[in-house]
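**Student:** If you scroll down you'll find the structure; I have some questions about it.
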Amino acid sequence: MKTCYNSEAMNPRKPTEEEKKELVTCVLFNDYGSSVSEEDKETVEGHVEDAGIAVFDTYITDSPGYAGKVMVVVWPGDPAFTETYIWDRIYENGKVNIPIRDTRSPAEVPYTTKIRRVKMGTVGEE
């Protein structure tokens with residue numbers, strides 16, 4: 001059977017400290033908005049440190065869709081509490097993720113990245 005995806009993309013690694021900081025910022029923004037206390041920040045930082053996190057640097061869907069870095073988080077409360085994050089590519093012209101299959105590094109093309117949640121698992125979901 002032929003594999004349709006890049007098998008190298010399925011070799012996860014642990015997140016860097018910078019990626020964990022981005023995750024904390026994303027969670028705080030999504031869950032707390034503009035009213036974040038120091039206690040909230042410390043709580044989220046603790047959850048991130050306790051979570052099971054895998055980063056896939058060169059993930060590519062097997063059909064037109066997404067190419068880039070993916071982070072999967074299994075939160076410490078329950079194995080069903082999972083979330084998937086991607087990094088949007090924001091180009092100088094303001095377009096996001098265009099061209100979709102651009103796998104060049106930020107040093108090779110003028111764009112910035114921003115993490116965002118794309119999937120959230122819950123108990124009982126199938």
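Chains: A, B, ... in order of the structure tokens. Residues: from 1 per chain. Ligands: from 1, in order shown.
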I want to know what sits within 6 Å of A:Tyr59, based on only C-alpha atoms, with residues of the same chain fewer than 3 positions away left out; could you give that as a tab-separated table (two decimals) with C-alpha atoms, in the first residue's frame?

**Tutor:**
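part-v3.tsv written:
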chain	number	residue	atom	x	y	z
A	9	ALA	CA	6.26	14.65	8.77
A	56	PHE	CA	5.22	17.83	13.70
A	67	ALA	CA	1.38	22.33	4.92
A	68	GLY	CA	3.40	23.41	7.91
A	69	LYS	CA	3.98	22.89	11.58

**Student:** Could you jot down the atom CA of A:Glu42 to atom CA of A:Lys21 separation for me, Å, one decimal place?

**Tutor:**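 Atom CA of A:Lys21 lies 11.7 Å from atom CA of A:Glu42.
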
**Student:** So, with only C-alpha atoms as the atoms that count, which of A:Gly46, A:Gly52, A:Pro15, A:Gly65 lies closest to A:Thr82?

**Tutor:**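 Counting only C-alpha atoms, the residue closest to A:Thr82 is A:Gly52.
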
**Student:** At a cut-off of 9 Å, using only C-alpha atoms, what residues contact A:Arg117? Leave out same-chain residues fewer than 5 positions from it and give the result as a PDB file with C-alpha atoms, in the first residue's frame.

**Tutor:**
ATOM      1  CA  CYS A  26      -2.875  31.373  22.506  1.00  0.00           C
ATOM      2  CA  VAL A  27      -4.719  29.610  25.350  1.00  0.00           C
ATOM      3  CA  ASN A  30      -8.806  32.132  23.517  1.00  0.00           C
ATOM      4  CA  GLU A  83      -6.284  20.090  21.018  1.00  0.00           C
ATOM      5  CA  THR A  84      -4.547  20.550  17.694  1.00  0.00           C
ATOM      6  CA  TYR A  85      -2.796  23.802  16.787  1.00  0.00           C
ATOM      7  CA  ILE A  86      -1.313  25.102  13.552  1.00  0.00           C
ATOM      8  CA  TRP A  87       0.751  28.137  12.723  1.00  0.00           C
TER       9      TRP A  87
END

**Student:** Would you kindly return, as a list in words, each protein, DNA or RNA residue with an atom no farther than 10 Å from any atom of A:Trp75, considering only C-alpha atoms and excluding same-chain residues fewer than 3 positions away?

**Tutor:**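 With the cut-off at 10 Å, the set is His47, Val48, Glu49, Asp50, Ala51, Gly52, Ile53, Val72, Asp78, Pro79, Ala80, Phe81, Thr82 and Glu83 of chain A.
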
**Student:** Store the residues picked out above, limited to N, CA and C atoms, as a PDB file, in the first residue's frame.

**Tutor:**
ATOM      1  N   HIS A  47      -0.330  24.009  33.334  1.00  0.00           N
ATOM      2  CA  HIS A  47      -1.002  23.013  32.493  1.00  0.00           C
ATOM      3  C   HIS A  47      -0.159  22.669  31.272  1.00  0.00           C
ATOM      4  N   VAL A  48       0.455  23.675  30.666  1.00  0.00           N
ATOM      5  CA  VAL A  48       1.301  23.441  29.497  1.00  0.00           C
ATOM      6  C   VAL A  48       2.504  22.583  29.885  1.00  0.00           C
ATOM      7  N   GLU A  49       3.107  22.863  31.030  1.00  0.00           N
ATOM      8  CA  GLU A  49       4.257  22.065  31.477  1.00  0.00           C
ATOM      9  C   GLU A  49       3.870  20.617  31.750  1.00  0.00           C
ATOM     10  N   ASP A  50       2.651  20.377  32.214  1.00  0.00           N
ATOM     11  CA  ASP A  50       2.199  19.028  32.555  1.00  0.00           C
ATOM     12  C   ASP A  50       1.604  18.263  31.367  1.00  0.00           C
ATOM     13  N   ALA A  51       1.331  18.957  30.278  1.00  0.00           N
ATOM     14  CA  ALA A  51       0.670  18.344  29.121  1.00  0.00           C
ATOM     15  C   ALA A  51       1.632  17.474  28.320  1.00  0.00           C
ATOM     16  N   GLY A  52       1.052  16.518  27.591  1.00  0.00           N
ATOM     17  CA  GLY A  52       1.802  15.763  26.595  1.00  0.00           C
ATOM     18  C   GLY A  52       1.705  16.524  25.282  1.00  0.00           C
ATOM     19  N   ILE A  53       2.849  16.959  24.759  1.00  0.00           N
ATOM     20  CA  ILE A  53       2.838  17.802  23.560  1.00  0.00           C
ATOM     21  C   ILE A  53       3.769  17.206  22.510  1.00  0.00           C
ATOM     22  N   VAL A  72       0.136  18.957  18.640  1.00  0.00           N
ATOM     23  CA  VAL A  72      -0.965  18.221  19.255  1.00  0.00           C
ATOM     24  C   VAL A  72      -0.713  18.221  20.761  1.00  0.00           C
ATOM     25  N   ASP A  78      -7.337  14.678  31.313  1.00  0.00           N
ATOM     26  CA  ASP A  78      -7.932  13.453  30.780  1.00  0.00           C
ATOM     27  C   ASP A  78      -7.366  13.252  29.380  1.00  0.00           C
ATOM     28  N   PRO A  79      -7.100  12.000  28.966  1.00  0.00           N
ATOM     29  CA  PRO A  79      -6.574  11.801  27.616  1.00  0.00           C
ATOM     30  C   PRO A  79      -7.530  12.239  26.514  1.00  0.00           C
ATOM     31  N   ALA A  80      -8.794  12.396  26.829  1.00  0.00           N
ATOM     32  CA  ALA A  80      -9.752  12.873  25.829  1.00  0.00           C
ATOM     33  C   ALA A  80      -9.670  14.387  25.636  1.00  0.00           C
ATOM     34  N   PHE A  81      -8.984  15.093  26.530  1.00  0.00           N
ATOM     35  CA  PHE A  81      -8.846  16.544  26.407  1.00  0.00           C
ATOM     36  C   PHE A  81      -7.657  16.842  25.506  1.00  0.00           C
ATOM     37  N   THR A  82      -7.908  16.837  24.206  1.00  0.00           N
ATOM     38  CA  THR A  82      -6.847  17.086  23.232  1.00  0.00           C
ATOM     39  C   THR A  82      -7.175  18.308  22.400  1.00  0.00           C
ATOM     40  N   GLU A  83      -6.127  18.958  21.925  1.00  0.00           N
ATOM     41  CA  GLU A  83      -6.284  20.090  21.018  1.00  0.00           C
ATOM     42  C   GLU A  83      -5.189  20.015  19.970  1.00  0.00           C
TER      43      GLU A  83
END

**Student:** In terms of the shortest atom-to-atom distance over only C-alpha atoms, which of A:Asn11, A:Met71, A:Asp57, A:Leu23 is closest to A:Glu45?

**Tutor:**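 With only C-alpha atoms as the atom set, the closest residue is A:Leu23.
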
**Student:** Write out as an MDAnalysis selection string the set of residues from stretch 57-86 of chain A that DSSP, computed on the backbone, places in strand (DSSP E or B).

**Tutor:** chainID A and resid 57:60 67:74 82:86

**Student:** Please indicate the distance in Å from atom CA of A:Arg116 to atom CA of A:Thr43, rounded to one decimal place.

**Tutor:**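 Atom-to-atom, atom CA of A:Arg116 and atom CA of A:Thr43 are spaced 19.5 Å apart.
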
**Student:** Using only C-alpha atoms, which protein or nucleic acid residues come within 8 Å of A:Lys14? Drop anything in the same chain fewer than 2 positions from it, and give the result as a list in words.

**Tutor:**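 Counting only the stated atoms, we get Pro12, Thr16, Ile53, Ala54 and Val55 of chain A.
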
**Student:** Tell me which of A:Met10, A:Ile60, A:Tyr66, A:Lys41 sits closest to A:Phe29, counting only C-alpha atoms.

**Tutor:**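 Smallest separation from A:Phe29 among the options: A:Lys41.
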
**Student:** Find the distance between atom CA of A:Glu17 and atom CA of A:Ser37 and write it in Å to one decimal.

**Tutor:** 21.5 Å
